[in-house]
Amino acid sequence: MITLTRAEGSLAEGQAPLKVAWVKEGQLLSQGEALDARLVGLLRRALEGASLKEGESLLVAAPEGQVLLFGLGEDARSSGGRLAQALLRLRFPEALVEPLPEAYALAEGLLLGAYRFQRHRSEKEEKALTLRIPGAEEVLERARKVAEGVYLARDLVNEPPNLLTPLALAERALELRALGIEVEVLDEEAIASLGMGAFLAVAQGSENPPRFIRLRYAPPGARARLDLVGKGLTFDSGGYSLKPTESMTTMKGDMAGAAAVLGAMKSAALLGIPVEIRGYIAACENMISGRAYRVGDVLRTLSGKTVEVMNTDAEGRLTLADALFYAEREGAKRILELSTLTGAAMVALGEEVAALFATEEAWGNQVREAARRVGEKVWPMPLERAYREKLKSPVADLKNVGDRNGGAITAALFLAEFVRVPLVHLDIAGPAFARKAHALGPEGGTGFGVRTILEVAQAL
Ligand code: BES
Ligand code: ZN
Ligand code: ZN
């Protein structure tokens, strides 16, 4: 647990058992200005011969207390994240941190870097960490509210699939009512009477029933509207097109799109962003049983279009087809959809970069620019219409998979069949889940997408 509070006065004036001073290219960042003059000489001597690259540190004992010299990199957010992790590792309960010109990025980095998921550990590793930092309270407040949303998204992704069932995910969404967000949860019967045949087919193999979750954050005088859709597979076994063990190990995270939607809506409400935001999540499991959907089944989607199932592991697009069509029917003017949709996106761009597909260039650019501003990596991919052929079925309007090539594109083309308003599809299969610890957090859920959504909303 990290607490970030404003420090009265400067680094020099403040009292603390530990002060953190930044070092860049072997020099004290502030040339010592931010520190007590007597200390500076001591620190300079300690630094001699030590270059301190990003994330490296040197602990110096001074008469007035300890000083941690910490290597600053190119990016204040990442350096903040690494610092928070170092302080946790060194088990310091409290520190006074030298501010940076990029005050907001530093605050956000400190909070994101300190995230831990220890709910299911008998022995919790680290205790509380309190960081004090000189600067404006508004900056810290904003970082706290954004981090809350990212933390929620990470928690949901990290929660194991036996505990985070579709029902449990709906419960977590309902908790957002406390922030003034309207949340409605539709059960199987309601989903069936709406006619969401594709979503229901994916869900039907599981003992855990599906839920359709709709959220609405509508501040008075909202200046714009944004509609979000998130993939909500609380577990994806692949179904009868079963995944090999290795590929299944991260499939509790197949609801990372939904998690990003919930996290962003939570932060948006905390921040009071003056934009109406609606969220749609088709939550279910993709499992095997005598009731599970088969390869060869023909499904009738909410839109009326029929789909021949050629691979039960291409289930996300089936649930999303119904969720997207529903969102548009509810009056969406533009949709931002996030999903851990294809392994192919990861083959193309690796595990750190999300694939961005847009049916309209302007909307695509808005999302791309927002992502760039907050430091979430996305890259545009072509929605190549020529490949629509690959989705032709001999018996239905569409089939749910193309061939081996261009798998992320055919998945995006499939989704685009179910919306007419501008759609941005972010395939977050790679960046949603970190396979090892990184600057801004530990292995596991990253909360990818939350900060981009917030930035998109803020700029509307
Ligand atoms: N949830 C997976 C995609 C995925 C893969 C997410 C790896 C995160 C990491 C999705 O439902 C899936 O299985 N997609 C198939 C599609 C294929 C059958 C056309 C895939 O990518 O193999
Ligand atoms: Zn799948
Ligand atoms: Zn999936």
# chains A, B, ... in the order shown; residues from 1 in each chain; ligands from 1
$ residues_near_ligand --ligand "ligand 3" --cutoff "6 Å" --atoms "only C-alpha atoms and all ligand atoms" --output "list in words"
Asp236, Asp254, Glu315, Gly316 and Leu341 of chain A
$ write_last_selection --atoms "C-alpha atoms" --output "PDB file, in the first residue's frame"
ATOM      1  CA  ASP A 236     -10.859 -18.715 -22.218  1.00  0.00           C
ATOM      2  CA  ASP A 254      -9.038 -12.492 -21.230  1.00  0.00           C
ATOM      3  CA  GLU A 315     -14.931 -16.573 -29.144  1.00  0.00           C
ATOM      4  CA  GLY A 316     -14.117 -12.965 -28.262  1.00  0.00           C
ATOM      5  CA  LEU A 341      -8.518 -10.592 -29.184  1.00  0.00           C
TER       6      LEU A 341
END
$ residues_around --residues "Leu338 of chain A" --least-positions-apart "3" --cutoff "7 Å" --atoms "only C-alpha atoms" --output "list of chain:residue names"
A:Val229, A:Gly230, A:Lys231, A:Gly257, A:His425, A:Leu426, A:Asp427, A:Ile428
$ write_last_selection --atoms "N, CA and C atoms" --output "PDB file, in the first residue's frame"
ATOM      1  N   VAL A 229     -16.526  -0.504 -25.222  1.00  0.00           N
ATOM      2  CA  VAL A 229     -16.878  -1.920 -25.163  1.00  0.00           C
ATOM      3  C   VAL A 229     -15.612  -2.675 -24.782  1.00  0.00           C
ATOM      4  N   GLY A 230     -15.724  -3.611 -23.837  1.00  0.00           N
ATOM      5  CA  GLY A 230     -14.556  -4.380 -23.408  1.00  0.00           C
ATOM      6  C   GLY A 230     -14.825  -5.873 -23.463  1.00  0.00           C
ATOM      7  N   LYS A 231     -13.859  -6.629 -23.976  1.00  0.00           N
ATOM      8  CA  LYS A 231     -14.002  -8.088 -23.997  1.00  0.00           C
ATOM      9  C   LYS A 231     -13.977  -8.612 -22.565  1.00  0.00           C
ATOM     10  N   GLY A 257      -9.931  -6.231 -21.416  1.00  0.00           N
ATOM     11  CA  GLY A 257     -10.652  -5.130 -22.068  1.00  0.00           C
ATOM     12  C   GLY A 257     -11.755  -4.612 -21.161  1.00  0.00           C
ATOM     13  N   HIS A 425     -10.836  -0.289 -32.674  1.00  0.00           N
ATOM     14  CA  HIS A 425     -10.629  -1.568 -31.990  1.00  0.00           C
ATOM     15  C   HIS A 425      -9.164  -1.624 -31.562  1.00  0.00           C
ATOM     16  N   LEU A 426      -8.939  -1.765 -30.258  1.00  0.00           N
ATOM     17  CA  LEU A 426      -7.574  -1.929 -29.755  1.00  0.00           C
ATOM     18  C   LEU A 426      -7.391  -3.383 -29.362  1.00  0.00           C
ATOM     19  N   ASP A 427      -6.519  -4.080 -30.074  1.00  0.00           N
ATOM     20  CA  ASP A 427      -6.208  -5.467 -29.713  1.00  0.00           C
ATOM     21  C   ASP A 427      -5.067  -5.420 -28.692  1.00  0.00           C
ATOM     22  N   ILE A 428      -5.420  -5.661 -27.425  1.00  0.00           N
ATOM     23  CA  ILE A 428      -4.468  -5.503 -26.325  1.00  0.00           C
ATOM     24  C   ILE A 428      -3.942  -6.845 -25.815  1.00  0.00           C
TER      25      ILE A 428
END
$ closest_residue --among "A:Ile335, A:Ala168, A:Met346, A:Ala314" --to "ligand 1" --atoms "only C-alpha atoms and all ligand atoms"
A:Ala314
$ closest_atom_pairs --of "chain A" --to "ligand 1" --cutoff "9 Å" --atoms "only C-alpha atoms and all ligand atoms" --output "Markdown table"
| residue | atom | partner | partner_atom_place_in_ligand_line | distance |
| --- | --- | --- | --- | --- |
| A:Leu233 | CA | ligand 1 | 1 (N) | 7.9 |
| A:Phe235 | CA | ligand 1 | 1 (N) | 8.6 |
| A:Asp236 | CA | ligand 1 | 1 (N) | 6.2 |
| A:Ser237 | CA | ligand 1 | 13 (O) | 8.2 |
| A:Gly238 | CA | ligand 1 | 13 (O) | 6.0 |
| A:Ser241 | CA | ligand 1 | 18 (C) | 7.8 |
| A:Lys243 | CA | ligand 1 | 13 (O) | 7.6 |
| A:Ser247 | CA | ligand 1 | 7 (C) | 6.7 |
| A:Met248 | CA | ligand 1 | 7 (C) | 8.2 |
| A:Thr250 | CA | ligand 1 | 9 (C) | 6.9 |
| A:Met251 | CA | ligand 1 | 1 (N) | 6.5 |
| A:Gly253 | CA | ligand 1 | 8 (C) | 7.5 |
| A:Asp254 | CA | ligand 1 | 1 (N) | 5.4 |
| A:Met255 | CA | ligand 1 | 1 (N) | 8.7 |
| A:Asn286 | CA | ligand 1 | 11 (O) | 8.8 |
| A:Met310 | CA | ligand 1 | 18 (C) | 8.5 |
| A:Asn311 | CA | ligand 1 | 18 (C) | 5.6 |
| A:Thr312 | CA | ligand 1 | 18 (C) | 7.1 |
| A:Asp313 | CA | ligand 1 | 13 (O) | 4.5 |
| A:Ala314 | CA | ligand 1 | 16 (C) | 4.4 |
| A:Glu315 | CA | ligand 1 | 11 (O) | 5.4 |
| A:Gly316 | CA | ligand 1 | 11 (O) | 5.1 |
| A:Arg317 | CA | ligand 1 | 11 (O) | 7.8 |
| A:Ser339 | CA | ligand 1 | 6 (C) | 8.2 |
| A:Thr340 | CA | ligand 1 | 6 (C) | 4.5 |
| A:Leu341 | CA | ligand 1 | 3 (C) | 4.5 |
| A:Thr342 | CA | ligand 1 | 21 (O) | 3.5 |
| A:Gly343 | CA | ligand 1 | 21 (O) | 3.5 |
| A:Ala344 | CA | ligand 1 | 21 (O) | 5.5 |
| A:Ala345 | CA | ligand 1 | 21 (O) | 7.8 |
| A:Met346 | CA | ligand 1 | 7 (C) | 7.4 |
| A:Glu351 | CA | ligand 1 | 9 (C) | 9.0 |
| A:Asn400 | CA | ligand 1 | 19 (C) | 7.8 |
| A:Val401 | CA | ligand 1 | 19 (C) | 5.2 |
| A:Gly402 | CA | ligand 1 | 19 (C) | 6.9 |
| A:Asp403 | CA | ligand 1 | 19 (C) | 7.8 |
| A:Arg404 | CA | ligand 1 | 19 (C) | 7.7 |
| A:Gly407 | CA | ligand 1 | 19 (C) | 6.1 |
| A:Ala408 | CA | ligand 1 | 21 (O) | 7.8 |
| A:Thr410 | CA | ligand 1 | 19 (C) | 8.5 |
| A:Ala411 | CA | ligand 1 | 19 (C) | 7.4 |
| A:Asp427 | CA | ligand 1 | 6 (C) | 8.7 |
| A:Ile428 | CA | ligand 1 | 8 (C) | 7.7 |
| A:Ala429 | CA | ligand 1 | 8 (C) | 4.0 |
| A:Gly430 | CA | ligand 1 | 8 (C) | 6.3 |
| A:Pro431 | CA | ligand 1 | 8 (C) | 8.9 |
| A:Ala432 | CA | ligand 1 | 8 (C) | 8.0 |
| A:Phe433 | CA | ligand 1 | 8 (C) | 7.9 |
$ residues_around --residues "segment 106-118 of chain A" --least-positions-apart "3" --cutoff "7 Å" --atoms "only C-alpha atoms" --output "ChimeraX atom specification"
/A:2,76-78,80-85,100,102-103,121,124,140,143,147,155,439-442
$ select_by_dssp --residues "segment 232-373 of chain A" --states "helix (DSSP H, G or I)" --output "VMD selection string"
chain A and resid 245 to 248 251 to 253 256 to 271 316 to 329 343 to 349 361 to 373
$ closest_residue --among "A:Val139, A:Leu152, A:Leu68, A:Leu415" --to "Gly55 of chain A" --atoms "only C-alpha atoms"
A:Leu68
$ closest_residue --among "A:Pro244, A:Pro134, A:Gly26, A:Gly221" --to "ligand 2" --atoms "only C-alpha atoms and all ligand atoms"
A:Pro244
$ closest_residue --among "A:Met287, A:Leu302, A:Val347, A:Leu228" --to "ligand 2" --atoms "only C-alpha atoms and all ligand atoms"
A:Met287
$ atom_distance --atom1 "atom CA of Val150 of chain A" --atom2 "atom CA of Arg373 of chain A"
16.4 Å
$ select_by_dssp --residues "segment 59-242 of chain A" --states "strand (DSSP E)" --output "number ranges by chain"
A: 59-62, 65-71, 94-97, 129-134, 182-186, 211-217, 225-236
$ closest_residue --among "A:Leu242, A:Leu271, A:Leu169, A:Met265" --to "ligand 2" --atoms "only C-alpha atoms and all ligand atoms"
A:Leu242
$ closest_residue --among "A:Pro63, A:Gly296, A:Gly364, A:Gly232" --to "ligand 2" --atoms "only C-alpha atoms and all ligand atoms"
A:Gly232
$ decode --residues "segment 181-193 of chain A" --atoms "N, CA and C atoms" --output "JSON list (two decimals), in the first residue's frame"
[["chain", "number", "residue", "atom", "x", "y", "z"],
["A", 181, "ILE", "N", -22.15, 6.09, -10.77],
["A", 181, "ILE", "CA", -22.25, 5.48, -12.10],
["A", 181, "ILE", "C", -23.48, 4.56, -12.10],
["A", 182, "GLU", "N", -24.31, 4.67, -13.14],
["A", 182, "GLU", "CA", -25.45, 3.76, -13.26],
["A", 182, "GLU", "C", -24.94, 2.43, -13.78],
["A", 183, "VAL", "N", -25.32, 1.34, -13.12],
["A", 183, "VAL", "CA", -24.88, 0.01, -13.57],
["A", 183, "VAL", "C", -26.09, -0.91, -13.62],
["A", 184, "GLU", "N", -26.26, -1.57, -14.76],
["A", 184, "GLU", "CA", -27.33, -2.55, -14.88],
["A", 184, "GLU", "C", -26.72, -3.87, -15.32],
["A", 185, "VAL", "N", -27.21, -4.96, -14.73],
["A", 185, "VAL", "CA", -26.68, -6.29, -15.06],
["A", 185, "VAL", "C", -27.82, -7.15, -15.59],
["A", 186, "LEU", "N", -27.67, -7.66, -16.80],
["A", 186, "LEU", "CA", -28.69, -8.51, -17.41],
["A", 186, "LEU", "C", -28.30, -9.98, -17.24],
["A", 187, "ASP", "N", -29.25, -10.80, -16.82],
["A", 187, "ASP", "CA", -28.97, -12.23, -16.66],
["A", 187, "ASP", "C", -29.24, -12.98, -17.96],
["A", 188, "GLU", "N", -28.99, -14.30, -17.91],
["A", 188, "GLU", "CA", -29.14, -15.15, -19.11],
["A", 188, "GLU", "C", -30.46, -14.97, -19.83],
["A", 189, "GLU", "N", -31.52, -14.94, -19.02],
["A", 189, "GLU", "CA", -32.85, -14.82, -19.62],
["A", 189, "GLU", "C", -32.99, -13.53, -20.41],
["A", 190, "ALA", "N", -32.54, -12.44, -19.79],
["A", 190, "ALA", "CA", -32.61, -11.13, -20.44],
["A", 190, "ALA", "C", -31.73, -11.11, -21.69],
["A", 191, "ILE", "N", -30.57, -11.74, -21.59],
["A", 191, "ILE", "CA", -29.65, -11.78, -22.74],
["A", 191, "ILE", "C", -30.30, -12.55, -23.89],
["A", 192, "ALA", "N", -30.97, -13.66, -23.51],
["A", 192, "ALA", "CA", -31.64, -14.47, -24.53],
["A", 192, "ALA", "C", -32.81, -13.72, -25.16],
["A", 193, "SER", "N", -33.59, -13.04, -24.35],
["A", 193, "SER", "CA", -34.75, -12.38, -24.95],
["A", 193, "SER", "C", -34.35, -11.17, -25.78]]
